[in-house]
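start05.cif follows (mmCIF, C-alpha atoms):
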data_coords
#
loop_
_atom_site.label_atom_id
_atom_site.label_comp_id
_atom_site.auth_asym_id
_atom_site.auth_seq_id
_atom_site.Cartn_x
_atom_site.Cartn_y
_atom_site.Cartn_z
CA MET C 1 74.20 93.05 97.30
CA ASN C 2 76.69 93.11 100.15
CA ALA C 3 74.14 91.58 102.57
CA ILE C 4 73.47 88.66 100.22
CA ILE C 5 77.17 87.91 99.77
CA ARG C 6 77.71 88.08 103.53
CA ALA C 7 74.73 85.77 104.15
CA ILE C 8 75.90 83.23 101.58
CA GLY C 9 79.36 83.31 103.17
CA ILE C 10 77.87 82.65 106.60
CA LEU C 11 75.73 79.85 105.15
CA ALA C 12 78.82 78.27 103.57
CA LEU C 13 80.70 78.55 106.86
CA THR C 14 77.87 76.98 108.88
CA TRP C 15 77.52 74.23 106.26
CA LEU C 16 81.26 73.54 106.49
CA LEU C 17 81.07 73.44 110.30
CA GLN C 18 78.16 70.99 110.03
CA VAL C 19 80.18 68.68 107.79
CA VAL C 20 83.48 68.91 109.65
CA VAL C 21 82.58 69.44 113.31
CA PHE C 22 78.91 68.54 113.90
CA ARG C 23 78.65 65.63 111.45
CA PHE C 24 78.35 63.05 114.19
CA GLY C 25 76.34 65.24 116.56
CA VAL C 26 73.67 62.63 117.28
CA PHE C 27 72.90 61.98 120.94
CA SER C 28 70.40 60.01 123.05
CA ASN C 29 69.65 57.40 120.38
CA GLY C 30 68.78 60.00 117.76
CA TRP C 31 66.58 62.20 119.94
CA LEU C 32 69.10 65.06 119.89
CA VAL C 33 70.59 65.88 116.49
CA ILE C 34 72.76 68.92 115.84
CA CYS C 35 72.05 70.63 112.50
CA PHE C 36 74.22 73.74 112.75
CA HIS C 37 73.80 74.62 109.06
CA ILE C 38 70.25 75.77 109.83
CA TYR C 39 71.84 78.79 111.54
CA GLY C 40 73.01 79.94 108.11
CA LEU C 41 69.45 79.66 106.79
CA ILE C 42 68.18 81.71 109.73
CA LEU C 43 70.66 84.51 108.99
CA LEU C 44 69.60 84.94 105.36
CA PRO C 45 68.34 88.46 104.51
CA LEU C 46 64.62 88.81 105.16
CA ASP C 47 63.79 90.49 101.82
CA LEU C 48 64.98 87.88 99.32
CA PRO C 49 62.54 86.69 96.65
CA LYS C 50 60.50 83.69 97.80
CA ALA C 51 61.92 81.35 95.17
CA SER C 52 65.48 82.06 96.28
CA TYR C 53 64.77 80.70 99.77
CA LEU C 54 63.53 77.48 98.19
CA ILE C 55 66.59 77.17 95.95
CA ILE C 56 69.06 78.01 98.73
CA GLY C 57 67.40 75.62 101.20
CA ALA C 58 67.24 72.76 98.69
CA LEU C 59 70.84 73.25 97.53
CA THR C 60 72.12 73.43 101.09
CA GLY C 61 70.33 70.18 101.92
CA ALA C 62 71.42 68.52 98.67
CA PHE C 63 75.08 69.36 99.25
CA LEU C 64 74.79 68.03 102.79
CA ASP C 65 73.13 64.83 101.53
CA VAL C 66 75.96 64.24 99.07
CA VAL C 67 78.65 64.66 101.71
CA ILE C 68 77.11 62.74 104.63
CA LEU C 69 75.13 60.23 102.53
CA THR C 70 71.65 60.76 103.94
CA GLY C 71 69.79 60.00 100.74
CA GLY C 72 67.76 63.17 100.27
CA LEU C 73 66.51 63.71 103.83
CA HIS C 74 68.23 67.06 104.23
CA MET C 75 67.20 68.19 100.77
CA ALA C 76 63.55 67.49 101.56
CA ALA C 77 63.82 69.33 104.86
CA GLY C 78 65.75 72.21 103.28
CA ALA C 79 63.21 72.60 100.47
CA PHE C 80 60.33 72.62 102.96
CA VAL C 81 62.06 75.21 105.11
CA GLY C 82 62.77 77.25 101.97
CA LEU C 83 59.04 77.29 101.32
CA MET C 84 58.22 78.24 104.91
CA ILE C 85 60.85 80.94 105.59
CA PRO C 86 58.81 83.72 103.90
CA LYS C 87 55.77 82.81 106.05
CA TRP C 88 57.85 82.72 109.24
CA ASN C 89 59.42 86.08 108.31
CA GLU C 90 55.95 87.61 107.93
CA LEU C 91 55.07 86.42 111.45
CA ILE C 92 57.98 88.22 113.10
CA THR C 93 57.99 91.38 110.98
CA PRO C 94 57.36 94.53 113.03
CA ARG C 95 54.59 96.92 112.05
CA ASP C 96 56.91 99.33 110.24
CA GLY C 97 58.80 96.51 108.47
CA PHE C 98 62.49 95.79 108.11
CA ILE C 99 65.05 97.79 106.16
CA LYS C 100 66.33 96.40 102.86
CA GLY C 101 68.91 93.66 103.27
CA HIS C 102 68.10 93.17 106.97
CA SER C 103 69.19 89.93 108.56
CA ILE C 104 67.88 88.88 111.95
CA SER C 105 70.20 89.70 114.83
CA VAL C 106 69.85 90.04 118.56
CA ASN C 107 71.17 93.62 118.66
CA HIS C 108 68.65 94.97 116.15
CA ASP C 109 65.64 92.74 116.80
CA GLY C 110 66.05 91.45 120.35
CA TRP C 111 66.20 87.96 121.77
CA GLY C 112 62.45 87.39 121.42
CA ARG C 113 62.34 87.77 117.64
CA PHE C 114 65.60 85.89 117.16
CA ILE C 115 64.51 82.92 119.27
CA ALA C 116 61.02 82.89 117.72
CA LEU C 117 62.36 82.79 114.17
CA SER C 118 65.07 80.29 115.10
CA THR C 119 62.54 78.01 116.76
CA LEU C 120 60.07 78.12 113.86
CA ILE C 121 62.69 77.43 111.20
CA THR C 122 64.54 74.80 113.22
CA PHE C 123 61.40 72.94 114.29
CA SER C 124 60.01 72.81 110.77
CA TYR C 125 63.36 71.53 109.43
CA MET C 126 63.72 68.90 112.13
CA PHE C 127 60.11 67.73 111.92
CA VAL C 128 60.36 67.15 108.18
CA LEU C 129 63.74 65.47 108.63
CA PHE C 130 62.39 62.99 111.19
CA ALA C 131 59.01 62.49 109.48
CA VAL C 132 60.58 61.67 106.11
CA GLU C 133 63.14 59.46 107.81
CA GLY C 134 60.44 57.34 109.48
CA PHE C 135 58.09 57.44 106.46
CA LYS C 136 55.13 56.00 108.39
CA TRP C 137 52.07 57.71 109.77
CA SER C 138 52.49 55.83 113.03
CA LEU C 139 55.92 57.46 113.57
CA ILE C 140 54.64 61.06 113.31
CA PRO C 141 54.25 61.49 117.11
CA SER C 142 57.80 60.22 117.58
CA ALA C 143 59.03 62.59 114.84
CA PHE C 144 57.24 65.47 116.58
CA ALA C 145 58.87 64.67 119.93
CA LYS C 146 62.32 64.23 118.37
CA ALA C 147 61.89 67.51 116.51
CA LEU C 148 61.03 69.31 119.76
CA CYS C 149 64.09 67.94 121.56
CA SER C 150 66.48 68.58 118.68
CA SER C 151 65.05 72.05 118.07
CA ALA C 152 65.60 73.00 121.70
CA LEU C 153 69.23 71.88 121.50
CA ASN C 154 69.84 73.69 118.21
CA VAL C 155 68.19 76.93 119.31
CA ILE C 156 70.42 76.92 122.39
CA LEU C 157 73.46 76.46 120.14
CA PHE C 158 72.28 79.23 117.79
CA SER C 159 71.74 81.57 120.74
CA ILE C 160 75.25 80.90 121.99
CA ALA C 161 76.65 81.50 118.50
CA GLN C 162 74.62 84.70 118.16
CA GLY C 163 75.85 85.94 121.52
CA LEU C 164 79.48 85.15 120.75
CA PHE C 165 79.76 85.95 117.04
CA GLY C 166 76.72 88.09 116.21
CA GLU C 167 76.89 91.77 115.36
CA LYS C 168 78.32 93.82 118.16
CA PRO C 169 76.57 97.04 119.19
CA LYS C 170 78.11 100.17 117.75
CA THR C 171 79.29 102.67 120.30
CA LYS C 172 78.03 106.19 119.84
CA GLY C 173 80.56 108.91 120.39
CA PRO C 174 83.92 108.76 122.08
CA LYS C 175 84.42 106.77 125.22
CA VAL C 176 85.17 109.39 127.81
CA SER C 177 85.32 108.50 131.44
CA ALA C 178 86.00 110.40 134.61
CA TYR C 179 88.14 107.52 135.81
CA PRO C 180 91.73 107.42 134.55
CA TRP C 181 91.95 103.62 134.46
CA SER C 182 88.98 103.09 132.14
#

Write-out of the structure in structure tokens:
Amino acid sequence: MNAIIRAIGILALTWLLQVVVFRFGVFSNGWLVICFHIYGLILLPLDLPKASYLIIGALTGAFLDVVILTGGLHMAAGAFVGLMIPKWNELITPRDGFIKGHSISVNHDGWGRFIALSTLITFSYMFVLFAVEGFKWSLIPSAFAKALCSSALNVILFSIAQGLFGEKPKTKGPKVSAYPWS
């Protein structure tokens, strides 16, 4: 239960940062869009029931739509990502599985798994966001390209955030050194 409360707290914090700080994070005529709240969706525990990912993703997007007036774009993208998170989690799961309440982190899973999961979730969110925004079949290639660019930017931001604020490695045993100044 503690892992779920922690994850919801992180999701609320990333959502608040999206609204307050990254709200106008649109660059290069809409080709680079910062969606920092996706980081909270990435850090959800990997063993939640499938329906809860859908509900959490849709509610996160709906709350964002209400605040920044995007008319349901983020709710559609959040609901789609909520449907896809269990599939993406299955792709990165190691052979022996994860422990109960595990959330992805660089210290436990490594940069490869973290970046793979971040890229899959972020790209699917951004692609749906841009595809629904354009709402034409002829704009799908443009939505794909915008999703690639925005996903690259967001994954870089998530990696920086994970490096700065992620779980720190636990030291084993006392720190004893032969040098008196350390």

Evaluate the PyMOL selection byres ((chain C and resi 152) around 12) and record the selected residues as a VMD selection string, following the chain and residue labels used in the document.
chain C and resid 31 to 35 115 to 116 118 to 123 126 145 to 151 153 to 159

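Of the residues listed (C:Pro45, C:Gly82, C:Pro141, C:Gly71), C:Pro45 shows the shortest atom-to-atom separation from Lys100 (chain C); distances use all atoms listed in the file.
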
Expansion of the PyMOL selection byres ((chain C and resi 105) around 12) into residues, as an MDAnalysis selection string
chainID C and resid 39 42:46 98 102:104 106:118 158:159 161:169

Hey, can you spit out that residue selection with C-alpha atoms as a compact mmCIF listing (two decimals), keeping the file's coordinate frame?
# COMPACT_ATOMS: atom_id res chain seq x y z
CA TYR C 39 71.84 78.79 111.54
CA ILE C 42 68.18 81.71 109.73
CA LEU C 43 70.66 84.51 108.99
CA LEU C 44 69.60 84.94 105.36
CA PRO C 45 68.34 88.46 104.51
CA LEU C 46 64.62 88.81 105.16
CA PHE C 98 62.49 95.79 108.11
CA HIS C 102 68.10 93.17 106.97
CA SER C 103 69.19 89.93 108.56
CA ILE C 104 67.88 88.88 111.95
CA VAL C 106 69.85 90.04 118.56
CA ASN C 107 71.17 93.62 118.66
CA HIS C 108 68.65 94.97 116.15
CA ASP C 109 65.64 92.74 116.80
CA GLY C 110 66.05 91.45 120.35
CA TRP C 111 66.20 87.96 121.77
CA GLY C 112 62.45 87.39 121.42
CA ARG C 113 62.34 87.77 117.64
CA PHE C 114 65.60 85.89 117.16
CA ILE C 115 64.51 82.92 119.27
CA ALA C 116 61.02 82.89 117.72
CA LEU C 117 62.36 82.79 114.17
CA SER C 118 65.07 80.29 115.10
CA PHE C 158 72.28 79.23 117.79
CA SER C 159 71.74 81.57 120.74
CA ALA C 161 76.65 81.50 118.50
CA GLN C 162 74.62 84.70 118.16
CA GLY C 163 75.85 85.94 121.52
CA LEU C 164 79.48 85.15 120.75
CA PHE C 165 79.76 85.95 117.04
CA GLY C 166 76.72 88.09 116.21
CA GLU C 167 76.89 91.77 115.36
CA LYS C 168 78.32 93.82 118.16
CA PRO C 169 76.57 97.04 119.19

Enter the distance from CA of Gly101 (chain C) to CA of Ile8 (chain C), in Å, rounded to one decimal.
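Taking CA of Gly101 (chain C) as the start and CA of Ile8 (chain C) as the end point, the length is 12.7 Å.
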
Contacts of Glu133 (chain C) within 10 Å, all atoms listed in the file, excl. fewer than 6 positions in-chain, as a PyMOL selection string:
chain C and resi 70-74+127+139+143
